[in-house]
$ cat entry.cif   # mmCIF, C-alpha atoms and all ligand atoms
data_upload
#
loop_
_atom_site.label_atom_id
_atom_site.label_comp_id
_atom_site.auth_asym_id
_atom_site.auth_seq_id
_atom_site.Cartn_x
_atom_site.Cartn_y
_atom_site.Cartn_z
CA MET A 1 3.60 77.39 -20.63
CA ASN A 2 1.53 74.81 -18.81
CA ASP A 3 -2.10 74.70 -19.83
CA ILE A 4 -4.88 75.37 -17.34
CA VAL A 5 -8.11 73.51 -18.10
CA LEU A 6 -11.56 74.96 -17.37
CA THR A 7 -14.77 73.19 -18.23
CA GLY A 8 -18.14 72.47 -16.67
CA ASP A 9 -21.84 71.79 -16.88
CA ARG A 10 -25.14 73.28 -15.86
CA PRO A 11 -26.84 71.41 -12.97
CA THR A 12 -30.04 70.92 -14.96
CA GLY A 13 -30.19 67.11 -14.84
CA PRO A 14 -28.14 63.95 -15.10
CA LEU A 15 -25.05 63.86 -17.32
CA HIS A 16 -25.43 61.76 -20.45
CA LEU A 17 -23.38 60.03 -23.12
CA GLY A 18 -23.08 63.32 -25.06
CA HIS A 19 -21.20 64.76 -22.10
CA TYR A 20 -19.04 61.70 -21.82
CA PHE A 21 -17.84 61.62 -25.42
CA GLY A 22 -18.00 65.39 -25.90
CA SER A 23 -16.06 66.46 -22.82
CA LEU A 24 -15.84 64.16 -19.77
CA ALA A 25 -13.45 61.65 -21.34
CA ASN A 26 -11.04 64.51 -22.15
CA ARG A 27 -11.32 65.84 -18.62
CA VAL A 28 -10.42 62.52 -17.06
CA ARG A 29 -7.41 62.30 -19.36
CA LEU A 30 -6.22 65.90 -18.92
CA GLN A 31 -6.46 65.98 -15.11
CA GLU A 32 -3.47 63.64 -14.98
CA ARG A 33 -1.02 66.24 -16.24
CA LEU A 34 -2.68 69.67 -16.08
CA THR A 35 -4.28 71.97 -13.53
CA MET A 36 -8.02 71.56 -14.01
CA TYR A 37 -11.09 73.45 -12.80
CA VAL A 38 -14.57 72.00 -13.24
CA ILE A 39 -17.41 74.48 -12.82
CA ILE A 40 -20.92 73.61 -11.80
CA ALA A 41 -22.63 76.48 -13.59
CA ASP A 42 -25.56 76.93 -11.21
CA TYR A 43 -26.34 80.56 -12.04
CA GLN A 44 -26.57 79.58 -15.71
CA VAL A 45 -29.50 77.29 -14.97
CA ILE A 46 -31.75 80.37 -15.00
CA THR A 47 -30.65 81.45 -18.48
CA ASP A 48 -33.37 79.37 -20.17
CA ARG A 49 -35.97 78.82 -17.43
CA ASP A 50 -37.68 81.01 -14.88
CA GLU A 51 -36.58 79.17 -11.74
CA PRO A 52 -33.60 77.02 -10.75
CA GLY A 53 -35.78 73.99 -9.94
CA ALA A 54 -34.37 71.18 -7.77
CA ILE A 55 -30.98 72.86 -7.79
CA GLN A 56 -29.45 71.28 -4.67
CA ALA A 57 -30.44 67.77 -5.70
CA ASN A 58 -29.17 68.39 -9.24
CA ILE A 59 -25.82 69.65 -7.93
CA THR A 60 -25.38 66.56 -5.78
CA GLU A 61 -26.24 64.29 -8.71
CA LEU A 62 -23.80 66.16 -10.94
CA LEU A 63 -21.05 65.72 -8.35
CA LEU A 64 -21.79 62.00 -8.19
CA ASP A 65 -21.64 61.79 -12.00
CA TYR A 66 -18.24 63.52 -11.99
CA LEU A 67 -16.79 61.23 -9.36
CA ALA A 68 -18.27 58.14 -11.02
CA VAL A 69 -16.65 58.85 -14.41
CA GLY A 70 -13.32 59.36 -12.70
CA ILE A 71 -12.86 63.08 -12.13
CA ASP A 72 -10.50 63.03 -9.16
CA PRO A 73 -11.01 65.84 -6.60
CA GLY A 74 -7.39 65.35 -5.57
CA LYS A 75 -6.39 66.49 -9.06
CA ALA A 76 -9.24 68.75 -10.20
CA THR A 77 -10.98 71.66 -8.44
CA ILE A 78 -14.76 71.24 -8.62
CA PHE A 79 -16.65 74.41 -7.68
CA GLN A 80 -19.90 76.32 -8.30
CA HIS A 81 -20.72 79.77 -9.66
CA SER A 82 -22.84 80.95 -6.80
CA ALA A 83 -20.05 80.42 -4.26
CA ILE A 84 -17.54 82.67 -6.05
CA PRO A 85 -18.68 86.33 -6.03
CA GLU A 86 -15.32 87.55 -7.45
CA LEU A 87 -15.77 85.37 -10.53
CA ASN A 88 -19.23 86.80 -11.13
CA GLN A 89 -17.95 90.34 -10.71
CA LEU A 90 -15.71 89.87 -13.75
CA LEU A 91 -18.91 89.91 -15.78
CA LEU A 92 -19.13 93.72 -15.34
CA PRO A 93 -15.91 94.75 -17.08
CA PHE A 94 -16.27 91.91 -19.58
CA LEU A 95 -19.75 93.05 -20.66
CA SER A 96 -18.26 96.41 -21.59
CA LEU A 97 -15.99 94.67 -24.10
CA VAL A 98 -18.69 93.17 -26.36
CA SER A 99 -21.42 94.78 -28.43
CA MET A 100 -25.12 93.99 -28.38
CA ALA A 101 -24.86 92.93 -32.04
CA GLU A 102 -22.16 90.39 -31.18
CA LEU A 103 -24.32 88.94 -28.44
CA GLN A 104 -27.42 88.81 -30.62
CA ARG A 105 -25.87 86.90 -33.50
CA ASN A 106 -24.48 84.01 -31.40
CA PRO A 107 -25.91 80.84 -33.04
CA THR A 108 -25.91 78.76 -29.83
CA VAL A 109 -27.82 81.46 -27.97
CA LYS A 110 -30.37 81.46 -30.80
CA ASP A 111 -30.71 77.66 -30.58
CA GLU A 112 -31.13 77.78 -26.82
CA ILE A 113 -33.77 80.49 -27.09
CA ALA A 114 -35.64 78.19 -29.48
CA HIS A 115 -35.62 75.41 -26.82
CA SER A 116 -36.09 77.69 -23.82
CA SER A 117 -38.90 77.21 -21.31
CA GLN A 118 -38.66 80.80 -20.12
CA SER A 119 -41.75 83.01 -20.21
CA ALA A 120 -39.69 85.68 -22.06
CA VAL A 121 -36.11 85.76 -23.31
CA SER A 122 -34.09 87.30 -20.48
CA GLY A 123 -31.02 89.54 -20.53
CA LEU A 124 -29.14 86.71 -18.84
CA MET A 125 -29.77 84.51 -21.87
CA PHE A 126 -27.95 86.98 -24.13
CA THR A 127 -25.12 87.66 -21.74
CA TYR A 128 -24.33 84.14 -20.61
CA PRO A 129 -21.54 83.61 -23.16
CA VAL A 130 -19.82 86.58 -21.47
CA HIS A 131 -20.47 84.98 -18.10
CA GLN A 132 -18.75 81.93 -19.53
CA ALA A 133 -15.79 84.15 -20.41
CA ALA A 134 -15.61 84.99 -16.70
CA ASP A 135 -15.74 81.25 -15.88
CA ILE A 136 -12.83 80.52 -18.18
CA LEU A 137 -10.71 83.59 -17.50
CA PHE A 138 -11.03 83.81 -13.71
CA CYS A 139 -8.50 80.96 -13.52
CA LYS A 140 -6.67 82.05 -16.68
CA GLY A 141 -7.87 78.92 -18.42
CA THR A 142 -6.11 78.10 -21.67
CA LEU A 143 -7.79 74.85 -22.69
CA VAL A 144 -11.57 74.27 -22.67
CA PRO A 145 -12.84 70.72 -23.33
CA VAL A 146 -16.34 71.25 -24.75
CA GLY A 147 -18.89 69.98 -27.23
CA ARG A 148 -19.44 71.69 -30.58
CA ASP A 149 -22.35 73.81 -29.32
CA GLN A 150 -19.89 75.65 -27.10
CA LEU A 151 -17.52 76.80 -29.85
CA PRO A 152 -19.27 80.17 -30.40
CA HIS A 153 -18.97 80.80 -26.65
CA VAL A 154 -15.28 80.02 -26.54
CA GLU A 155 -14.98 82.52 -29.42
CA VAL A 156 -16.63 85.17 -27.20
CA THR A 157 -14.11 84.36 -24.46
CA ARG A 158 -11.24 84.76 -26.90
CA LEU A 159 -12.65 88.12 -27.99
CA VAL A 160 -13.03 89.29 -24.39
CA ALA A 161 -9.48 88.22 -23.50
CA ARG A 162 -7.97 89.94 -26.55
CA ARG A 163 -9.93 93.15 -26.07
CA PHE A 164 -9.18 93.31 -22.37
CA ASN A 165 -5.47 92.89 -23.01
CA GLU A 166 -5.50 95.53 -25.77
CA ARG A 167 -7.31 98.04 -23.62
CA TYR A 168 -5.74 97.47 -20.22
CA GLY A 169 -2.51 95.54 -20.75
CA GLN A 170 -1.72 91.84 -20.81
CA VAL A 171 -3.68 89.98 -18.13
CA PHE A 172 -5.43 87.04 -19.82
CA PRO A 173 -4.37 84.15 -22.04
CA VAL A 174 -6.47 83.56 -25.19
CA PRO A 175 -7.91 80.06 -24.60
CA GLU A 176 -8.48 77.24 -27.08
CA ALA A 177 -11.49 74.91 -27.27
CA MET A 178 -10.79 71.19 -27.29
CA MET A 179 -13.41 68.85 -28.74
CA GLY A 180 -13.82 65.20 -27.83
CA ALA A 181 -14.34 62.00 -29.81
CA GLN A 182 -17.91 63.05 -30.62
CA PRO A 183 -18.28 66.85 -30.63
CA LEU A 184 -22.03 66.65 -31.19
CA LEU A 185 -23.75 63.45 -30.15
CA ARG A 186 -27.34 63.28 -31.31
CA GLY A 187 -30.09 62.26 -28.94
CA LEU A 188 -32.76 59.60 -29.40
CA ASP A 189 -34.99 62.10 -31.24
CA GLY A 190 -32.30 63.20 -33.71
CA GLY A 191 -31.55 66.58 -32.09
CA LYS A 192 -28.50 67.41 -29.94
CA MET A 193 -28.51 65.06 -26.95
CA SER A 194 -29.34 67.42 -24.07
CA LYS A 195 -30.24 67.06 -20.42
CA SER A 196 -33.22 69.34 -20.77
CA ARG A 197 -34.69 67.91 -23.98
CA GLY A 198 -35.74 64.43 -22.78
CA ASN A 199 -33.70 62.73 -25.53
CA SER A 200 -30.62 61.59 -23.63
CA ILE A 201 -29.18 58.38 -22.22
CA PRO A 202 -28.15 59.41 -18.71
CA LEU A 203 -24.93 57.87 -17.39
CA ARG A 204 -26.78 56.92 -14.22
CA ALA A 205 -29.86 55.31 -15.83
CA THR A 206 -30.46 51.65 -14.93
CA GLU A 207 -30.00 48.94 -17.55
CA ASP A 208 -33.77 48.60 -17.90
CA GLU A 209 -34.26 52.36 -18.24
CA THR A 210 -31.55 52.40 -20.91
CA ALA A 211 -33.26 49.59 -22.81
CA ALA A 212 -36.61 51.41 -22.64
CA LEU A 213 -35.07 54.69 -23.88
CA ILE A 214 -33.39 52.99 -26.84
CA ARG A 215 -36.55 51.03 -27.68
CA ARG A 216 -38.36 54.36 -28.14
CA ALA A 217 -35.66 55.81 -30.42
CA VAL A 218 -36.88 56.94 -33.84
CA THR A 219 -35.59 54.71 -36.69
CA ASP A 220 -37.03 53.68 -40.07
CA GLY A 221 -38.62 50.64 -41.76
CA ASP A 222 -35.67 49.63 -43.97
CA ARG A 223 -34.47 46.23 -42.67
CA ARG A 224 -31.01 46.60 -44.18
CA ILE A 225 -28.94 48.59 -41.67
CA THR A 226 -26.59 51.13 -43.23
CA PHE A 227 -24.70 54.11 -41.82
CA ASP A 228 -26.01 57.24 -43.53
CA GLU A 229 -26.20 60.30 -41.32
CA GLU A 230 -28.07 62.40 -43.89
CA ALA A 231 -30.69 59.96 -45.14
CA ARG A 232 -31.08 57.80 -41.99
CA PRO A 233 -30.29 59.99 -38.96
CA GLY A 234 -32.09 57.78 -36.41
CA VAL A 235 -30.28 54.62 -37.46
CA ALA A 236 -27.00 56.53 -37.70
CA THR A 237 -27.37 57.82 -34.13
CA LEU A 238 -27.74 54.29 -32.74
CA LEU A 239 -24.79 53.06 -34.81
CA THR A 240 -22.70 56.01 -33.60
CA LEU A 241 -23.59 55.26 -29.98
CA THR A 242 -22.69 51.61 -30.41
CA GLY A 243 -19.45 52.54 -32.13
CA LEU A 244 -18.40 54.95 -29.38
CA CYS A 245 -19.20 52.44 -26.63
CA THR A 246 -17.33 49.57 -28.31
CA ASP A 247 -14.58 51.63 -29.95
CA ARG A 248 -15.48 50.49 -33.46
CA ALA A 249 -16.52 52.17 -36.70
CA PRO A 250 -20.31 52.59 -37.11
CA GLU A 251 -20.06 51.25 -40.70
CA GLN A 252 -18.59 47.98 -39.43
CA ILE A 253 -21.45 47.56 -36.94
CA ALA A 254 -23.96 48.23 -39.72
CA ASP A 255 -22.34 45.51 -41.86
CA GLU A 256 -22.52 43.03 -38.99
CA ILE A 257 -26.21 43.67 -38.42
CA GLY A 258 -26.93 43.48 -42.15
CA ASP A 259 -30.62 42.68 -42.71
CA GLY A 260 -31.39 42.40 -38.99
CA GLY A 261 -33.55 45.54 -38.98
CA ALA A 262 -34.11 48.15 -36.29
CA ALA A 263 -34.96 45.58 -33.60
CA THR A 264 -31.53 43.95 -33.85
CA LEU A 265 -29.84 47.35 -34.02
CA LYS A 266 -31.60 48.45 -30.84
CA ARG A 267 -30.65 45.23 -29.04
CA VAL A 268 -27.00 45.64 -30.08
CA THR A 269 -26.99 49.31 -29.03
CA THR A 270 -28.58 48.54 -25.66
CA GLU A 271 -26.01 45.85 -24.92
CA ALA A 272 -23.10 48.08 -25.96
CA VAL A 273 -24.28 51.07 -23.90
CA ASN A 274 -25.05 49.00 -20.80
CA GLU A 275 -21.72 47.21 -21.03
CA PHE A 276 -19.86 50.50 -21.41
CA LEU A 277 -21.66 52.21 -18.53
CA ARG A 278 -21.57 49.25 -16.12
CA PRO A 279 -18.30 50.20 -14.32
CA ILE A 280 -19.35 53.88 -14.12
CA ARG A 281 -22.73 52.93 -12.66
CA ARG A 282 -21.11 50.51 -10.22
CA ARG A 283 -18.75 53.21 -8.93
CA ARG A 284 -21.63 55.67 -8.65
CA ALA A 285 -23.63 53.30 -6.44
CA GLU A 286 -20.73 53.17 -3.97
CA LEU A 287 -20.38 56.95 -3.59
CA ASP A 288 -21.52 58.88 -0.52
CA PRO A 289 -23.48 62.09 -1.33
CA ALA A 290 -22.27 63.75 1.89
CA GLU A 291 -18.65 63.21 0.85
CA ALA A 292 -19.41 64.58 -2.60
CA ARG A 293 -20.78 67.75 -0.98
CA GLN A 294 -17.57 68.04 1.03
CA VAL A 295 -15.58 67.83 -2.22
CA LEU A 296 -17.57 70.82 -3.50
CA ARG A 297 -16.97 72.89 -0.36
CA ALA A 298 -13.22 72.31 -0.58
CA GLY A 299 -13.24 73.11 -4.32
CA ASN A 300 -15.20 76.32 -3.71
CA ASP A 301 -12.55 77.51 -1.25
CA ARG A 302 -9.73 76.86 -3.70
CA ALA A 303 -11.53 78.44 -6.66
CA ARG A 304 -12.46 81.50 -4.61
CA ALA A 305 -8.83 82.16 -3.70
CA THR A 306 -7.97 82.09 -7.42
CA ALA A 307 -10.85 84.43 -8.28
CA VAL A 308 -9.86 86.97 -5.59
CA GLY A 309 -6.38 87.18 -7.13
CA THR A 310 -7.64 87.61 -10.69
CA LEU A 311 -10.24 90.26 -9.79
CA GLU A 312 -7.55 92.23 -7.96
CA GLU A 313 -5.35 92.08 -11.05
CA VAL A 314 -8.24 93.20 -13.25
CA ARG A 315 -9.08 96.16 -11.03
CA LEU A 316 -5.45 97.25 -10.92
CA ALA A 317 -5.08 96.93 -14.71
CA MET A 318 -8.23 99.02 -15.19
CA GLY A 319 -7.08 101.66 -12.77
CA PHE A 320 -9.80 101.21 -10.19
P1 LIG A 401 -28.96 71.55 -21.10
O1 LIG A 401 -30.01 70.87 -21.93
O2 LIG A 401 -29.42 71.83 -19.72
O3 LIG A 401 -28.36 72.75 -21.76
P2 LIG A 401 -26.75 69.96 -22.00
O4 LIG A 401 -27.00 68.51 -22.17
O5 LIG A 401 -26.72 70.81 -23.22
O6 LIG A 401 -27.79 70.47 -20.93
P3 LIG A 401 -24.62 71.48 -20.79
O7 LIG A 401 -24.47 71.51 -19.31
O8 LIG A 401 -25.28 72.63 -21.47
O9 LIG A 401 -25.39 70.12 -21.20
O10 LIG A 401 -23.20 71.24 -21.50
C1 LIG A 401 -22.08 70.76 -20.77
C2 LIG A 401 -20.95 70.38 -21.70
O11 LIG A 401 -21.29 69.18 -22.42
C3 LIG A 401 -20.64 71.40 -22.79
O12 LIG A 401 -19.24 71.41 -23.01
C4 LIG A 401 -21.34 70.87 -24.00
O13 LIG A 401 -20.74 71.30 -25.21
C5 LIG A 401 -21.18 69.37 -23.82
N1 LIG A 401 -22.28 68.66 -24.48
C6 LIG A 401 -23.59 68.74 -24.14
N2 LIG A 401 -24.33 67.99 -24.96
C7 LIG A 401 -23.48 67.41 -25.85
C8 LIG A 401 -23.65 66.51 -26.95
N3 LIG A 401 -24.85 66.08 -27.30
N4 LIG A 401 -22.55 66.11 -27.64
C9 LIG A 401 -21.31 66.55 -27.28
N5 LIG A 401 -21.09 67.40 -26.25
C10 LIG A 401 -22.15 67.83 -25.54
MG MG A 402 -26.61 72.98 -23.02
#
$ encode --input "entry.cif" --output "structure tokens" --more "lines below"
Ligand code: ATP
Ligand code: MG
Amino acid sequence: MNDIVLTGDRPTGPLHLGHYFGSLANRVRLQERLTMYVIIADYQVITDRDEPGAIQANITELLLDYLAVGIDPGKATIFQHSAIPELNQLLLPFLSLVSMAELQRNPTVKDEIAHSSQSAVSGLMFTYPVHQAADILFCKGTLVPVGRDQLPHVEVTRLVARRFNERYGQVFPVPEAMMGAQPLLRGLDGGKMSKSRGNSIPLRATEDETAALIRRAVTDGDRRITFDEEARPGVATLLTLTGLCTDRAPEQIADEIGDGGAATLKRVTTEAVNEFLRPIRRRRAELDPAEARQVLRAGNDRARATAVGTLEEVRLAMGF
């Protein structure tokens, strides 16, 4: 069986290095040989905040990030939640397949509630892993390139697929998560690098902005640079970033810096990140936002046709 890839991001801000090494690099690789859908999860923006914010601008920026890293709209279907009613309708039968207790004990949901800017925790926050099951299963996705934080959600999707098939007959594949080179990249404050937590290095940042962000990163006073994720998380994060961007082991970079202290480490990291992102940033500057929007419209049409077919199958299987 040929795998079908589904993956995506919330349009809550610019994509960052965590996305690149957690998921984007795999997407660019997999699109060459597999059918791939990339979802812009716009409805999921309001899981952890009261309003969608600058949603149109964020969607355009996300599209530009995708195209800049090399997602090819000739090979991948890029689409958005809010344009595919049939996908969203899958949420109804899927919600009937999971219990409240299962939703409440999801560790990623708990973490996101802790970082939420919502006035109160909404029902959508608890149910969004099931919404993600609809995202993955509407196209019968089998392979999901994600970061580590998404593993509990892929588990929910697997549960939904298995239970649906048991109850109503075989309709869905049971998908697998695929993690990238760095399943959980830490941000400049030591927590998970996230768009909404102000701790990320955006792919589209300028070289000066990148330098300023890294200068502010939390490190320690020990001049001897060593790679120790437990005892020296700040230093380890910068070494990890440098290692990913130069394809070397963080320990080797630490040895090279030796007694150079945090200032040398930050200079080395800044150079490595800027060098790595230069071609991506150059491509991004050449892109036309109007063309990117056109890519989304075409992707929405293709994804909708797929969703119509799957919803029909689901309704038939359920006897509606
Ligand atoms: P937000 O703060 O708005 O939730 P985010 O940075 O967490 O944004 P998402 O859109 O939630 O980004 O996640 C998109 C994809 O990128 C998911 O597959 C997620 O696992 C992956 N990802 C996000 N952050 C990281 C990270 N720091 N390391 C590895 N993968 C990540
Ligand atoms: Mg997130």
$ residues_near_ligand --input "entry.cif" --ligand "ligand LIG 401 (chain A)" --cutoff "9 Å" --atoms "all atoms listed in the file" --output "CSV table (one decimal) with C-alpha atoms, keeping the file's coordinate frame"
chain,number,residue,atom,x,y,z
A,7,THR,CA,-14.8,73.2,-18.2
A,8,GLY,CA,-18.1,72.5,-16.7
A,9,ASP,CA,-21.8,71.8,-16.9
A,10,ARG,CA,-25.1,73.3,-15.9
A,11,PRO,CA,-26.8,71.4,-13.0
A,12,THR,CA,-30.0,70.9,-15.0
A,13,GLY,CA,-30.2,67.1,-14.8
A,14,PRO,CA,-28.1,64.0,-15.1
A,15,LEU,CA,-25.0,63.9,-17.3
A,16,HIS,CA,-25.4,61.8,-20.4
A,17,LEU,CA,-23.4,60.0,-23.1
A,18,GLY,CA,-23.1,63.3,-25.1
A,19,HIS,CA,-21.2,64.8,-22.1
A,20,TYR,CA,-19.0,61.7,-21.8
A,21,PHE,CA,-17.8,61.6,-25.4
A,22,GLY,CA,-18.0,65.4,-25.9
A,23,SER,CA,-16.1,66.5,-22.8
A,24,LEU,CA,-15.8,64.2,-19.8
A,40,ILE,CA,-20.9,73.6,-11.8
A,41,ALA,CA,-22.6,76.5,-13.6
A,45,VAL,CA,-29.5,77.3,-15.0
A,48,ASP,CA,-33.4,79.4,-20.2
A,112,GLU,CA,-31.1,77.8,-26.8
A,115,HIS,CA,-35.6,75.4,-26.8
A,144,VAL,CA,-11.6,74.3,-22.7
A,145,PRO,CA,-12.8,70.7,-23.3
A,146,VAL,CA,-16.3,71.2,-24.8
A,147,GLY,CA,-18.9,70.0,-27.2
A,148,ARG,CA,-19.4,71.7,-30.6
A,149,ASP,CA,-22.4,73.8,-29.3
A,150,GLN,CA,-19.9,75.6,-27.1
A,151,LEU,CA,-17.5,76.8,-29.8
A,179,MET,CA,-13.4,68.8,-28.7
A,180,GLY,CA,-13.8,65.2,-27.8
A,181,ALA,CA,-14.3,62.0,-29.8
A,182,GLN,CA,-17.9,63.0,-30.6
A,183,PRO,CA,-18.3,66.8,-30.6
A,184,LEU,CA,-22.0,66.6,-31.2
A,185,LEU,CA,-23.8,63.4,-30.2
A,186,ARG,CA,-27.3,63.3,-31.3
A,187,GLY,CA,-30.1,62.3,-28.9
A,191,GLY,CA,-31.6,66.6,-32.1
A,192,LYS,CA,-28.5,67.4,-29.9
A,193,MET,CA,-28.5,65.1,-27.0
A,194,SER,CA,-29.3,67.4,-24.1
A,195,LYS,CA,-30.2,67.1,-20.4
A,196,SER,CA,-33.2,69.3,-20.8
A,197,ARG,CA,-34.7,67.9,-24.0
A,198,GLY,CA,-35.7,64.4,-22.8
A,200,SER,CA,-30.6,61.6,-23.6
$ atom_distance --input "entry.cif" --atom1 "CA of Leu91 (chain A)" --atom2 "CA of Ile55 (chain A)"
22.4 Å
$ closest_residue --input "entry.cif" --among "A:Thr210, A:Thr60, A:Ser99, A:Ser116" --to "ligand MG 402 (chain A)" --atoms "all atoms listed in the file"
A:Ser116
$ residues_near_point --input "entry.cif" --point "(-10.7, 85.1, -10.5)" --cutoff "12 Å" --atoms "all atoms listed in the file" --output "ChimeraX atom specification"
/A:37,81,84-91,133-141,171-172,300,302-315
$ residues_around --input "entry.cif" --residues "Ile225 (chain A)" --least-positions-apart "6" --cutoff "8 Å" --atoms "only C-alpha atoms" --output "MDAnalysis selection string"
chainID A and resid 235 254:255 257:262 265
$ closest_residue --input "entry.cif" --among "A:Leu239, A:Ile59, A:Val273, A:Met318" --to "Ala211 (chain A)" --atoms "all atoms listed in the file"
A:Val273
$ residues_around --input "entry.cif" --residues "Asp288 (chain A)" --least-positions-apart "5" --cutoff "12 Å" --atoms "only C-alpha atoms" --output "list in words"
Thr60, Glu61, Leu63, Leu64, Asp65, Leu67, Ala68, Arg283, Arg293, Gln294 and Val295 of chain A
$ write_last_selection --input "entry.cif" --atoms "C-alpha atoms" --output "PDB file, in the coordinates of the input"
ATOM      1  CA  THR A  60     -25.380  66.560  -5.780  1.00  0.00           C
ATOM      2  CA  GLU A  61     -26.240  64.290  -8.710  1.00  0.00           C
ATOM      3  CA  LEU A  63     -21.050  65.720  -8.350  1.00  0.00           C
ATOM      4  CA  LEU A  64     -21.790  62.000  -8.190  1.00  0.00           C
ATOM      5  CA  ASP A  65     -21.640  61.790 -12.000  1.00  0.00           C
ATOM      6  CA  LEU A  67     -16.790  61.230  -9.360  1.00  0.00           C
ATOM      7  CA  ALA A  68     -18.270  58.140 -11.020  1.00  0.00           C
ATOM      8  CA  ARG A 283     -18.750  53.210  -8.930  1.00  0.00           C
ATOM      9  CA  ARG A 293     -20.780  67.750  -0.980  1.00  0.00           C
ATOM     10  CA  GLN A 294     -17.570  68.040   1.030  1.00  0.00           C
ATOM     11  CA  VAL A 295     -15.580  67.830  -2.220  1.00  0.00           C
TER      12      VAL A 295
END
